[in-house]
file my_file-v5.txt (compact mmCIF, C-alpha atoms)
# COMPACT_ATOMS: atom_id res chain seq x y z
CA MET U 11 68.59 -188.44 -39.74
CA PRO U 12 68.47 -191.18 -42.40
CA THR U 13 69.13 -190.13 -46.00
CA ALA U 14 65.69 -191.30 -47.19
CA GLN U 15 63.98 -189.20 -44.54
CA ARG U 16 66.05 -186.12 -45.44
CA LEU U 17 65.14 -186.54 -49.11
CA ARG U 18 61.46 -186.93 -48.25
CA ILE U 19 61.49 -183.73 -46.16
CA LYS U 20 63.35 -181.90 -48.93
CA ASN U 21 60.81 -183.06 -51.55
CA ILE U 22 57.90 -181.97 -49.37
CA PHE U 23 59.31 -178.47 -48.92
CA SER U 24 60.16 -178.22 -52.63
CA SER U 25 56.65 -179.25 -53.64
CA LEU U 26 55.06 -176.79 -51.23
CA PHE U 27 57.29 -174.01 -52.52
CA LEU U 28 56.47 -174.71 -56.19
CA ALA U 29 52.79 -175.13 -55.45
CA THR U 30 52.59 -171.57 -54.14
CA VAL U 31 53.56 -170.30 -57.59
CA PHE U 32 50.67 -171.82 -59.54
CA LEU U 33 47.80 -172.19 -57.08
CA LEU U 34 44.34 -170.99 -58.10
CA SER U 35 44.68 -167.23 -58.58
CA SER U 36 48.40 -167.53 -59.35
CA GLN U 37 48.96 -164.30 -57.47
CA VAL U 38 52.38 -163.03 -56.40
CA ALA U 39 53.27 -159.91 -54.43
CA ARG U 40 56.64 -158.25 -54.01
CA ALA U 41 56.88 -154.85 -52.38
CA ASP U 42 54.65 -152.59 -54.51
CA GLN U 43 53.91 -155.00 -57.36
CA THR U 44 51.37 -157.78 -57.67
CA ILE U 45 50.70 -159.99 -60.68
CA THR U 46 47.62 -162.13 -61.28
CA ALA U 47 47.23 -164.65 -64.11
CA ILE U 48 43.63 -165.17 -65.21
CA PRO U 49 42.36 -167.88 -65.29
CA PRO U 50 44.59 -170.35 -63.42
CA ARG U 51 43.78 -173.04 -65.98
CA VAL U 52 42.44 -173.37 -69.55
CA ASP U 53 40.93 -176.57 -71.00
CA LEU U 54 40.76 -176.92 -74.79
CA LYS U 55 39.90 -179.57 -77.38
CA ALA U 56 40.99 -179.78 -81.02
CA ASP U 57 41.31 -182.15 -83.96
CA PRO U 58 44.66 -183.08 -85.56
CA GLY U 59 45.59 -180.38 -88.08
CA GLN U 60 43.22 -177.82 -86.53
CA THR U 61 44.22 -174.28 -85.45
CA ILE U 62 42.39 -172.74 -82.50
CA THR U 63 42.83 -169.65 -80.33
CA ALA U 64 42.31 -168.87 -76.67
CA ASP U 65 42.56 -165.70 -74.61
CA VAL U 66 44.16 -165.45 -71.18
CA LYS U 67 44.73 -162.34 -69.09
CA ILE U 68 47.37 -160.79 -66.89
CA ARG U 69 46.50 -158.21 -64.28
CA ASN U 70 49.00 -155.67 -62.93
CA ASP U 71 47.80 -154.68 -59.46
CA SER U 72 50.82 -152.53 -58.75
CA ALA U 73 50.89 -148.74 -58.89
CA ALA U 74 53.46 -148.74 -61.71
CA TYR U 75 53.41 -149.47 -65.44
CA GLN U 76 55.05 -152.84 -66.14
CA ILE U 77 56.34 -154.78 -69.12
CA PHE U 78 56.01 -158.51 -68.62
CA THR U 79 58.07 -161.17 -70.34
CA ILE U 80 55.96 -164.12 -71.54
CA ALA U 81 57.25 -167.69 -71.56
CA ILE U 82 55.62 -170.90 -72.79
CA ASP U 83 56.94 -174.13 -71.29
CA ASP U 84 55.88 -177.72 -71.04
CA PHE U 85 55.44 -178.99 -67.51
CA ILE U 86 55.55 -182.28 -65.68
CA VAL U 87 54.18 -183.50 -62.38
CA SER U 88 56.76 -185.62 -60.62
CA ASP U 89 55.37 -185.75 -57.08
CA ASN U 90 52.26 -187.33 -55.58
CA ILE U 91 50.42 -184.08 -54.81
CA GLY U 92 50.02 -182.68 -58.32
CA THR U 93 52.64 -179.90 -58.35
CA PRO U 94 53.36 -178.64 -61.92
CA ILE U 95 57.06 -178.13 -62.66
CA PRO U 96 58.08 -176.26 -65.85
CA ILE U 97 60.42 -177.90 -68.38
CA THR U 98 62.54 -175.44 -70.32
CA SER U 99 64.31 -177.95 -72.58
CA ASN U 100 62.79 -179.76 -75.55
CA THR U 101 62.33 -183.18 -74.02
CA GLY U 102 60.14 -184.48 -76.85
CA ASN U 103 57.74 -186.07 -74.37
CA ARG U 104 54.55 -187.56 -75.72
CA TRP U 105 52.36 -184.97 -73.91
CA SER U 106 54.27 -181.85 -75.00
CA LEU U 107 52.26 -178.76 -76.05
CA LYS U 108 54.83 -175.96 -76.00
CA ASN U 109 55.83 -176.09 -79.67
CA TRP U 110 52.21 -175.85 -80.86
CA ILE U 111 51.62 -172.46 -79.23
CA THR U 112 52.29 -169.01 -80.64
CA SER U 113 52.11 -166.01 -78.29
CA PRO U 114 53.62 -162.54 -77.79
CA THR U 115 57.00 -162.50 -76.10
CA GLU U 116 56.34 -159.35 -74.10
CA ILE U 117 53.26 -157.41 -73.08
CA PRO U 118 52.86 -153.98 -71.43
CA VAL U 119 50.26 -153.54 -68.69
CA ASP U 120 49.22 -150.23 -67.15
CA ALA U 121 49.13 -149.73 -63.40
CA HIS U 122 46.10 -151.52 -61.97
CA GLY U 123 45.31 -152.66 -65.49
CA THR U 124 44.47 -155.95 -67.20
CA GLN U 125 45.77 -157.07 -70.59
CA VAL U 126 44.51 -159.86 -72.85
CA VAL U 127 47.03 -162.31 -74.28
CA ARG U 128 45.89 -164.12 -77.44
CA LEU U 129 47.28 -167.65 -77.81
CA THR U 130 47.23 -169.60 -81.08
CA PHE U 131 47.36 -173.40 -80.98
CA LYS U 132 48.35 -175.12 -84.25
CA VAL U 133 47.81 -178.85 -83.81
CA PRO U 134 49.98 -181.00 -86.13
CA LEU U 135 48.25 -183.48 -88.42
CA ALA U 136 50.29 -186.24 -86.80
CA ALA U 137 49.39 -185.20 -83.25
CA LEU U 138 48.65 -188.16 -81.01
CA PRO U 139 45.18 -188.23 -79.46
CA GLY U 140 45.01 -187.48 -75.77
CA GLY U 141 46.28 -184.83 -73.41
CA HIS U 142 48.99 -182.26 -74.14
CA TYR U 143 50.13 -179.81 -71.48
CA ALA U 144 52.00 -176.52 -71.13
CA MET U 145 52.00 -173.35 -69.05
CA ILE U 146 52.18 -169.68 -69.92
CA THR U 147 54.06 -167.61 -67.36
CA TYR U 148 54.82 -163.94 -66.85
CA GLN U 149 57.73 -162.11 -65.26
CA PRO U 150 58.03 -158.38 -64.54
CA HIS U 151 61.67 -158.51 -65.62
CA PRO U 152 62.16 -157.45 -69.24
CA GLU U 153 65.83 -158.38 -68.99
CA VAL U 154 64.90 -162.05 -68.47
CA LYS U 155 64.45 -163.64 -71.87
CA LYS U 156 61.85 -166.21 -72.82
CA GLY U 157 62.62 -169.63 -71.40
CA ASP U 158 65.26 -168.29 -69.02
CA LEU U 159 64.45 -170.00 -65.71
CA LYS U 160 67.15 -168.68 -63.38
CA GLN U 161 66.94 -170.91 -60.35
CA THR U 162 66.85 -168.25 -57.67
CA ALA U 163 64.15 -167.77 -55.07
CA ASN U 164 63.72 -164.15 -56.17
CA LEU U 165 63.03 -164.84 -59.85
CA ILE U 166 61.13 -168.09 -59.37
CA GLY U 167 58.94 -166.30 -56.86
CA GLN U 168 57.95 -163.78 -59.56
CA ARG U 169 56.74 -166.32 -62.11
CA VAL U 170 52.97 -166.63 -62.26
CA GLY U 171 50.92 -168.25 -64.94
CA THR U 172 48.11 -170.29 -66.38
CA LEU U 173 48.16 -174.04 -66.97
CA LEU U 174 47.13 -175.01 -70.52
CA TYR U 175 45.40 -178.35 -71.15
CA LEU U 176 44.70 -179.33 -74.76
CA THR U 177 43.06 -182.65 -75.59
CA VAL U 178 43.53 -183.89 -79.16
CA ASN U 179 40.37 -185.69 -80.25
CA GLY U 180 40.63 -189.34 -81.15
CA PRO U 181 40.74 -192.79 -79.55
CA VAL U 182 42.55 -192.65 -76.22
CA ASN U 183 43.39 -195.11 -73.48
CA GLN U 184 41.73 -194.31 -70.15
CA LYS U 185 42.98 -196.48 -67.34
CA ALA U 186 43.84 -196.03 -63.68
CA GLU U 187 44.51 -198.23 -60.67
CA ILE U 188 44.47 -197.95 -56.90
CA VAL U 189 48.03 -198.25 -55.60
CA GLU U 190 47.09 -197.77 -51.95
CA PHE U 191 43.97 -197.44 -49.82
CA SER U 192 44.63 -197.61 -46.09
CA THR U 193 43.95 -196.41 -42.57
CA GLU U 194 45.13 -197.31 -39.08
CA ASN U 195 44.10 -200.87 -38.27
CA PHE U 196 43.03 -199.87 -34.77
CA ASN U 197 41.63 -196.50 -33.71
CA GLU U 198 40.63 -195.71 -30.14
CA GLN U 199 38.64 -192.68 -31.28
CA GLY U 200 38.07 -190.55 -34.36
CA PRO U 201 38.52 -188.86 -36.64
CA VAL U 202 39.59 -191.81 -38.80
CA VAL U 203 41.91 -190.76 -41.64
CA PHE U 204 41.88 -192.66 -44.94
CA ASN U 205 44.88 -192.35 -47.28
CA GLY U 206 45.17 -193.45 -50.88
CA ILE U 207 47.29 -193.29 -54.02
CA ILE U 208 45.84 -193.46 -57.52
CA SER U 209 48.05 -194.15 -60.54
CA SER U 210 47.02 -192.95 -64.01
CA LEU U 211 47.85 -195.13 -67.00
CA SER U 212 45.75 -192.96 -69.32
CA ASP U 213 46.61 -190.87 -72.37
CA ILE U 214 44.80 -187.88 -70.83
CA HIS U 215 44.52 -186.37 -67.38
CA ILE U 216 41.78 -187.85 -65.22
CA SER U 217 39.93 -186.55 -62.14
CA PRO U 218 38.63 -189.45 -60.04
CA LYS U 219 35.65 -188.58 -57.84
CA GLY U 220 33.45 -190.67 -55.62
CA SER U 221 33.08 -191.63 -52.00
CA ILE U 222 34.07 -193.89 -49.14
CA THR U 223 31.12 -195.76 -47.63
CA ILE U 224 31.43 -196.92 -44.01
CA PHE U 225 29.64 -200.03 -42.72
CA GLY U 226 29.38 -200.93 -39.03
CA PRO U 227 30.03 -204.14 -37.06
CA LEU U 228 26.59 -205.48 -38.01
CA ASN U 229 27.22 -204.68 -41.69
CA ASN U 230 24.90 -201.68 -41.30
CA TYR U 231 25.36 -198.48 -43.29
CA VAL U 232 27.00 -195.81 -41.11
CA ALA U 233 28.30 -192.94 -43.25
CA GLU U 234 29.46 -191.79 -46.68
CA ILE U 235 32.47 -189.50 -47.20
CA PRO U 236 32.98 -187.64 -50.51
CA VAL U 237 36.36 -188.05 -52.23
CA GLU U 238 37.90 -185.81 -54.92
CA VAL U 239 41.41 -186.86 -55.90
CA GLY U 240 42.05 -183.94 -58.29
CA ASN U 241 43.72 -184.02 -61.70
CA ILE U 242 46.09 -186.91 -62.29
CA PHE U 243 48.33 -186.53 -65.32
CA PRO U 244 49.38 -189.42 -67.59
CA GLU U 245 51.88 -191.82 -66.01
CA VAL U 246 51.68 -190.00 -62.67
CA LYS U 247 50.51 -191.07 -59.21
CA ARG U 248 48.55 -188.80 -56.90
CA GLU U 249 47.80 -189.03 -53.19
CA PHE U 250 44.55 -188.21 -51.44
CA SER U 251 43.49 -188.08 -47.81
CA VAL U 252 40.01 -187.76 -46.29
CA SER U 253 38.69 -187.98 -42.72
CA TRP U 254 35.66 -189.62 -41.17
CA ASN U 255 34.78 -187.28 -38.31
CA GLN U 256 33.25 -189.96 -36.11
CA ARG U 257 34.51 -189.67 -32.54
CA TRP U 258 33.40 -192.96 -31.00
CA GLY U 259 32.80 -196.44 -32.32
CA TYR U 260 32.50 -199.96 -30.98
CA GLY U 261 33.76 -202.74 -33.18
CA ARG U 262 35.14 -203.71 -36.58
CA TYR U 263 34.15 -201.49 -39.51
CA ARG U 264 34.46 -201.77 -43.29
CA ALA U 265 35.33 -198.91 -45.66
CA ASP U 266 34.45 -199.25 -49.36
CA LEU U 267 36.20 -196.88 -51.79
CA ASN U 268 34.30 -196.23 -55.02
CA LEU U 269 35.68 -193.75 -57.58
CA LEU U 270 34.60 -192.89 -61.12
CA TYR U 271 36.95 -191.42 -63.73
CA GLY U 272 37.28 -190.78 -67.47
CA THR U 273 34.68 -190.03 -70.12
CA ASN U 274 33.33 -193.58 -69.97
CA GLY U 275 32.71 -193.53 -66.22
CA ASP U 276 35.23 -196.25 -65.43
CA GLN U 277 35.26 -197.40 -61.83
CA LEU U 278 37.91 -197.94 -59.15
CA VAL U 279 36.93 -199.95 -56.06
CA ALA U 280 38.70 -201.17 -52.93
CA SER U 281 37.72 -202.25 -49.41
CA ILE U 282 39.53 -202.26 -46.07
CA TYR U 283 38.61 -203.21 -42.49
CA PHE U 284 39.53 -201.30 -39.34
CA TRP U 285 38.66 -201.18 -35.67
CA LEU U 286 37.16 -198.20 -33.87
CA PHE U 287 36.96 -199.05 -30.20
CA PRO U 288 37.75 -196.91 -27.10
CA ILE U 289 39.69 -199.65 -25.35
CA ARG U 290 41.30 -197.40 -22.72
CA LEU U 291 37.98 -195.75 -21.92
CA VAL U 292 36.39 -199.19 -21.54
CA ILE U 293 39.27 -200.37 -19.32
CA TYR U 294 39.05 -197.23 -17.15
CA THR U 295 35.26 -197.66 -16.91
CA LEU U 296 35.66 -201.31 -15.87
CA ILE U 297 38.27 -200.38 -13.27
CA ALA U 298 36.01 -197.67 -11.87
CA THR U 299 33.01 -200.02 -11.85
CA VAL U 300 34.97 -202.82 -10.14
CA SER U 301 36.34 -200.33 -7.60
CA ILE U 302 32.85 -199.05 -6.75
CA LEU U 303 31.45 -202.57 -6.47
CA THR U 304 34.38 -203.59 -4.25
CA ILE U 305 33.75 -200.63 -1.94
CA ILE U 306 30.04 -201.48 -1.78
CA ILE U 307 30.77 -205.13 -0.99
CA VAL U 308 33.34 -204.20 1.68
CA LEU U 309 30.97 -201.71 3.30
CA ASN U 310 28.16 -204.24 3.16
CA LYS U 311 30.32 -206.90 4.82
CA ARG U 312 31.37 -204.44 7.51
CA GLY U 313 27.73 -203.54 8.09
CA LYS U 314 26.74 -207.19 8.43
CA LYS U 315 29.63 -207.86 10.80
CA HIS U 316 28.67 -204.88 12.92
CA GLN U 317 25.05 -206.07 12.99
CA GLU U 318 26.13 -209.54 14.05
CA GLU U 319 28.27 -208.08 16.86
CA LEU U 320 25.33 -206.02 18.09
CA GLU U 321 23.03 -209.04 18.03
CA ARG U 322 25.61 -211.06 19.95
CA GLU U 323 25.97 -208.36 22.60
CA VAL U 324 22.17 -208.16 22.96
CA ALA U 325 21.99 -211.92 23.39
CA GLU U 326 24.71 -211.81 26.05
CA LEU U 327 22.85 -209.07 27.90
CA LYS U 328 19.66 -211.12 27.86
CA GLU U 329 21.52 -214.09 29.29
CA GLU U 330 22.99 -211.93 32.04
CA LEU U 331 19.50 -210.56 32.90
CA LYS U 332 18.13 -214.07 33.10
CA GLU U 333 20.91 -215.05 35.51
CA VAL U 334 20.18 -212.00 37.69
CA GLU U 335 16.45 -212.84 37.82
CA LYS U 336 17.20 -216.41 38.94
CA LYS U 337 19.22 -215.13 41.83
call {"tool": "encode", "arguments": {"input": "my_file-v5.txt", "output": "structure tokens"}}
result
Amino acid sequence: MPTAQRLRIKNIFSSLFLATVFLLSSQVARADQTITAIPPRVDLKADPGQTITADVKIRNDSAAYQIFTIAIDDFIVSDNIGTPIPITSNTGNRWSLKNWITSPTEIPVDAHGTQVVRLTFKVPLAALPGGHYAMITYQPHPEVKKGDLKQTANLIGQRVGTLLYLTVNGPVNQKAEIVEFSTENFNEQGPVVFNGIISSLSDIHISPKGSITIFGPLNNYVAEIPVEVGNIFPEVKREFSVSWNQRWGYGRYRADLNLLYGTNGDQLVASIYFWLFPIRLVIYTLIATVSILTIIIVLNKRGKKHQEELEREVAELKEELKEVEKK
């Protein structure tokens, strides 16, 4: 297997593994203990120099009292499917939020209980406008200290948390571009799958939404498919894939992608052409039709030949009768 293909497979499995940690309910179960972070995501806005607070919750669904270690980390998204990956070192990236947050380091939660965690966000006066991102995570391992991300499947599997989005008010750049919009050039039958990649060049996360409009061979409107790309973080690309569940088609079609994003309703547009034509079905139908017509023609010819032979025999008999009468 080529190296590039091995790396691609490895990245896919890594992304799927990490995605299971922070999806929606952020719920993890191990034997008799289950942790749920509520909510999965918090969106906040603040001015430079402002201090704000927000409450998140952790639920202990196990039958035992637990003490959870709390960690605050920045995160990045390095793949094309939006998987958040925690950063434990101080990278000093432009979208960092970790150092602005104050929170408890540990919190006790009764069996089947829920505990509120109060977070304080102190935005520096010099904070750059735009998006800043971090995550709060919990571990039922009091011996694991804050920020200690031991890279083992056991410990990583126990980290659950909430993604924290804070937008600093002020003038921001909001820009995105379509890197790819494609489908198979020729489709014998549906569904037709459209793939795309959107790149964000913004100072904040964006969530492009819109549709793909399909036009037929006569430039007639055929269908409209909704598209939601999901959150795209600054300087990150994200893939999307949608299907047009049309089974049959006959000709060359056009697909127009139209997405809106950002607070100003900026637009992304692209168009592609593709064929939807059941060529094998048409060929098989033609073969069957030609075969049936051939059989009909052959049978008709045989019938005519048989009729001609009968007429000839009748004529010969008449001649013979005439000869007998003369005698």
call {"tool": "residues_around", "arguments": {"input": "my_file-v5.txt", "residues": "Lys67 (chain U)", "least_positions_apart": "3", "cutoff": "6 Å", "atoms": "all atoms listed in the file", "output": "ChimeraX atom specification"}}
result
/U:48,125-127
call {"tool": "residues_around", "arguments": {"input": "my_file-v5.txt", "residues": "Ala121 (chain U)", "least_positions_apart": "6", "cutoff": "12 Å", "atoms": "all atoms listed in the file", "output": "list in words"}}
result
Asp42, Gln43, Thr44, Ile45, Ile68, Arg69, Asn70, Asp71, Ser72, Ala73, Ala74, Tyr75, Gln76 and Ile77 of chain U
call {"tool": "write_last_selection", "arguments": {"input": "my_file-v5.txt", "atoms": "C-alpha atoms", "output": "PDB file, keeping the file's coordinate frame"}}
result
ATOM      1  CA  ASP U  42      54.650-152.590 -54.510  1.00  0.00           C
ATOM      2  CA  GLN U  43      53.910-155.000 -57.360  1.00  0.00           C
ATOM      3  CA  THR U  44      51.370-157.780 -57.670  1.00  0.00           C
ATOM      4  CA  ILE U  45      50.700-159.990 -60.680  1.00  0.00           C
ATOM      5  CA  ILE U  68      47.370-160.790 -66.890  1.00  0.00           C
ATOM      6  CA  ARG U  69      46.500-158.210 -64.280  1.00  0.00           C
ATOM      7  CA  ASN U  70      49.000-155.670 -62.930  1.00  0.00           C
ATOM      8  CA  ASP U  71      47.800-154.680 -59.460  1.00  0.00           C
ATOM      9  CA  SER U  72      50.820-152.530 -58.750  1.00  0.00           C
ATOM     10  CA  ALA U  73      50.890-148.740 -58.890  1.00  0.00           C
ATOM     11  CA  ALA U  74      53.460-148.740 -61.710  1.00  0.00           C
ATOM     12  CA  TYR U  75      53.410-149.470 -65.440  1.00  0.00           C
ATOM     13  CA  GLN U  76      55.050-152.840 -66.140  1.00  0.00           C
ATOM     14  CA  ILE U  77      56.340-154.780 -69.120  1.00  0.00           C
TER      15      ILE U  77
END
call {"tool": "residues_around", "arguments": {"input": "my_file-v5.txt", "residues": "Asp57 (chain U)", "least_positions_apart": "2", "cutoff": "10 Å", "atoms": "only C-alpha atoms", "output": "list in words"}}
result
Lys55, Gly59, Gln60, Thr61, Ile62, Lys132, Val133, Pro134, Leu135, Ala137, Leu138, Pro139, Thr177, Val178, Asn179 and Gly180 of chain U
call {"tool": "atom_distance", "arguments": {"input": "my_file-v5.txt", "atom1": "CA of His142 (chain U)", "atom2": "CA of Ile91 (chain U)"}}
result
19.5 Å
call {"tool": "closest_residue", "arguments": {"input": "my_file-v5.txt", "among": "U:Ala265, U:Ala144, U:Leu54, U:Ile235", "to": "Ile97 (chain U)", "atoms": "all atoms listed in the file"}}
result
U:Ala144
call {"tool": "residues_around", "arguments": {"input": "my_file-v5.txt", "residues": "Glu245 (chain U)", "least_positions_apart": "3", "cutoff": "12 Å", "atoms": "only C-alpha atoms", "output": "list in words"}}
result
Ile86, Val87, Ser88, Asp89, Asn90, Asn103, Arg104, Trp105, Gly141, Asn183, Gln184, Lys185, Ala186, Glu187, Ile208, Ser209, Ser210, Leu211, Ser212, Asp213, Ile214, His215, Ile216, Ile242 and Arg248 of chain U
call {"tool": "closest_residue", "arguments": {"input": "my_file-v5.txt", "among": "U:Gly92, U:Gly313, U:Pro150, U:Gly140", "to": "Gly240 (chain U)", "atoms": "only C-alpha atoms"}}
result
U:Gly92
call {"tool": "atom_distance", "arguments": {"input": "my_file-v5.txt", "atom1": "CA of Glu234 (chain U)", "atom2": "CA of Leu291 (chain U)"}}
result
26.5 Å
call {"tool": "atom_distance", "arguments": {"input": "my_file-v5.txt", "atom1": "CA of Pro49 (chain U)", "atom2": "CA of Leu173 (chain U)"}}
result
8.6 Å
call {"tool": "closest_residue", "arguments": {"input": "my_file-v5.txt", "among": "U:Leu270, U:Val279, U:Val182, U:Met145", "to": "Pro94 (chain U)", "atoms": "only C-alpha atoms"}}
result
U:Met145
call {"tool": "closest_residue", "arguments": {"input": "my_file-v5.txt", "among": "U:Ala56, U:Leu267, U:Val189, U:Val300", "to": "Phe204 (chain U)", "atoms": "all atoms listed in the file"}}
result
U:Leu267
call {"tool": "residues_near_point", "arguments": {"input": "my_file-v5.txt", "point": "(41.3, -191.0, -59.5)", "cutoff": "6 Å", "atoms": "all atoms listed in the file", "output": "ChimeraX atom specification"}}
result
/U:208,217-218,239
call {"tool": "write_last_selection", "arguments": {"input": "my_file-v5.txt", "atoms": "C-alpha atoms", "output": "mmCIF file, in the coordinates of the input"}}
result
data_model
loop_
_atom_site.group_PDB
_atom_site.id
_atom_site.type_symbol
_atom_site.label_atom_id
_atom_site.label_comp_id
_atom_site.auth_asym_id
_atom_site.auth_seq_id
_atom_site.Cartn_x
_atom_site.Cartn_y
_atom_site.Cartn_z
ATOM 1 C CA ILE U 208 45.840 -193.460 -57.520
ATOM 2 C CA SER U 217 39.930 -186.550 -62.140
ATOM 3 C CA PRO U 218 38.630 -189.450 -60.040
ATOM 4 C CA VAL U 239 41.410 -186.860 -55.900
#
call {"tool": "residues_around", "arguments": {"input": "my_file-v5.txt", "residues": "Gln256 (chain U)", "least_positions_apart": "4", "cutoff": "8 Å", "atoms": "only C-alpha atoms", "output": "ChimeraX atom specification"}}
result
/U:199-202
call {"tool": "residues_near_point", "arguments": {"input": "my_file-v5.txt", "point": "(37.2, -198.5, -28.6)", "cutoff": "8 Å", "atoms": "all atoms listed in the file", "output": "CSV table (one decimal) with C-alpha atoms, in the frame of the given file"}}
result
chain,number,residue,atom,x,y,z
U,197,ASN,CA,41.6,-196.5,-33.7
U,198,GLU,CA,40.6,-195.7,-30.1
U,199,GLN,CA,38.6,-192.7,-31.3
U,258,TRP,CA,33.4,-193.0,-31.0
U,259,GLY,CA,32.8,-196.4,-32.3
U,260,TYR,CA,32.5,-200.0,-31.0
U,261,GLY,CA,33.8,-202.7,-33.2
U,285,TRP,CA,38.7,-201.2,-35.7
U,286,LEU,CA,37.2,-198.2,-33.9
U,287,PHE,CA,37.0,-199.0,-30.2
U,288,PRO,CA,37.8,-196.9,-27.1
U,289,ILE,CA,39.7,-199.6,-25.4
U,290,ARG,CA,41.3,-197.4,-22.7
U,291,LEU,CA,38.0,-195.8,-21.9
U,292,VAL,CA,36.4,-199.2,-21.5
call {"tool": "decode", "arguments": {"input": "my_file-v5.txt", "residues": "region 248-302 of chain U", "atoms": "C-alpha atoms", "output": "PDB file, in the first residue's frame"}}
result
ATOM      1  CA  ARG U 248     -13.835  21.704   5.776  1.00  0.00           C
ATOM      2  CA  GLU U 249     -15.401  19.073   3.540  1.00  0.00           C
ATOM      3  CA  PHE U 250     -19.072  18.517   2.853  1.00  0.00           C
ATOM      4  CA  SER U 251     -21.012  15.907   0.921  1.00  0.00           C
ATOM      5  CA  VAL U 252     -24.679  15.838  -0.099  1.00  0.00           C
ATOM      6  CA  SER U 253     -26.729  13.537  -2.337  1.00  0.00           C
ATOM      7  CA  TRP U 254     -29.384  14.135  -4.955  1.00  0.00           C
ATOM      8  CA  ASN U 255     -31.652  11.109  -4.605  1.00  0.00           C
ATOM      9  CA  GLN U 256     -32.774  11.080  -8.229  1.00  0.00           C
ATOM     10  CA  ARG U 257     -32.620   7.573  -9.663  1.00  0.00           C
ATOM     11  CA  TRP U 258     -32.999   8.185 -13.388  1.00  0.00           C
ATOM     12  CA  GLY U 259     -32.120  11.022 -15.716  1.00  0.00           C
ATOM     13  CA  TYR U 260     -31.631  11.588 -19.420  1.00  0.00           C
ATOM     14  CA  GLY U 261     -29.044  14.133 -20.429  1.00  0.00           C
ATOM     15  CA  ARG U 262     -26.612  16.806 -19.282  1.00  0.00           C
ATOM     16  CA  TYR U 263     -27.462  18.584 -16.025  1.00  0.00           C
ATOM     17  CA  ARG U 264     -26.127  21.670 -14.240  1.00  0.00           C
ATOM     18  CA  ALA U 265     -25.625  22.014 -10.479  1.00  0.00           C
ATOM     19  CA  ASP U 266     -25.378  25.506  -8.958  1.00  0.00           C
ATOM     20  CA  LEU U 267     -23.904  25.777  -5.449  1.00  0.00           C
ATOM     21  CA  ASN U 268     -25.020  28.835  -3.486  1.00  0.00           C
ATOM     22  CA  LEU U 269     -23.887  29.314   0.135  1.00  0.00           C
ATOM     23  CA  LEU U 270     -24.239  32.224   2.547  1.00  0.00           C
ATOM     24  CA  TYR U 271     -21.878  32.811   5.482  1.00  0.00           C
ATOM     25  CA  GLY U 272     -20.826  35.446   8.012  1.00  0.00           C
ATOM     26  CA  THR U 273     -22.760  38.258   9.659  1.00  0.00           C
ATOM     27  CA  ASN U 274     -22.921  40.210   6.397  1.00  0.00           C
ATOM     28  CA  GLY U 275     -24.462  37.375   4.397  1.00  0.00           C
ATOM     29  CA  ASP U 276     -21.503  36.970   2.055  1.00  0.00           C
ATOM     30  CA  GLN U 277     -22.034  34.535  -0.788  1.00  0.00           C
ATOM     31  CA  LEU U 278     -20.131  31.589  -2.260  1.00  0.00           C
ATOM     32  CA  VAL U 279     -21.183  30.328  -5.697  1.00  0.00           C
ATOM     33  CA  ALA U 280     -19.984  27.650  -8.105  1.00  0.00           C
ATOM     34  CA  SER U 281     -21.433  25.628 -10.984  1.00  0.00           C
ATOM     35  CA  ILE U 282     -20.629  22.234 -12.475  1.00  0.00           C
ATOM     36  CA  TYR U 283     -22.080  20.087 -15.279  1.00  0.00           C
ATOM     37  CA  PHE U 284     -22.643  16.335 -15.183  1.00  0.00           C
ATOM     38  CA  TRP U 285     -24.417  13.616 -17.126  1.00  0.00           C
ATOM     39  CA  LEU U 286     -27.185  11.412 -15.766  1.00  0.00           C
ATOM     40  CA  PHE U 287     -28.033   8.873 -18.426  1.00  0.00           C
ATOM     41  CA  PRO U 288     -28.779   5.104 -18.131  1.00  0.00           C
ATOM     42  CA  ILE U 289     -26.595   4.149 -21.068  1.00  0.00           C
ATOM     43  CA  ARG U 290     -26.491   0.409 -20.324  1.00  0.00           C
ATOM     44  CA  LEU U 291     -30.245   0.292 -19.820  1.00  0.00           C
ATOM     45  CA  VAL U 292     -30.727   2.096 -23.141  1.00  0.00           C
ATOM     46  CA  ILE U 293     -28.290  -0.284 -24.880  1.00  0.00           C
ATOM     47  CA  TYR U 294     -30.027  -3.346 -23.400  1.00  0.00           C
ATOM     48  CA  THR U 295     -33.420  -1.919 -24.426  1.00  0.00           C
ATOM     49  CA  LEU U 296     -32.176  -1.307 -27.981  1.00  0.00           C
ATOM     50  CA  ILE U 297     -30.738  -4.821 -28.184  1.00  0.00           C
ATOM     51  CA  ALA U 298     -34.014  -6.299 -26.960  1.00  0.00           C
ATOM     52  CA  THR U 299     -36.027  -4.142 -29.376  1.00  0.00           C
ATOM     53  CA  VAL U 300     -33.791  -5.047 -32.339  1.00  0.00           C
ATOM     54  CA  SER U 301     -33.973  -8.732 -31.377  1.00  0.00           C
ATOM     55  CA  ILE U 302     -37.782  -8.666 -31.239  1.00  0.00           C
TER      56      ILE U 302
END
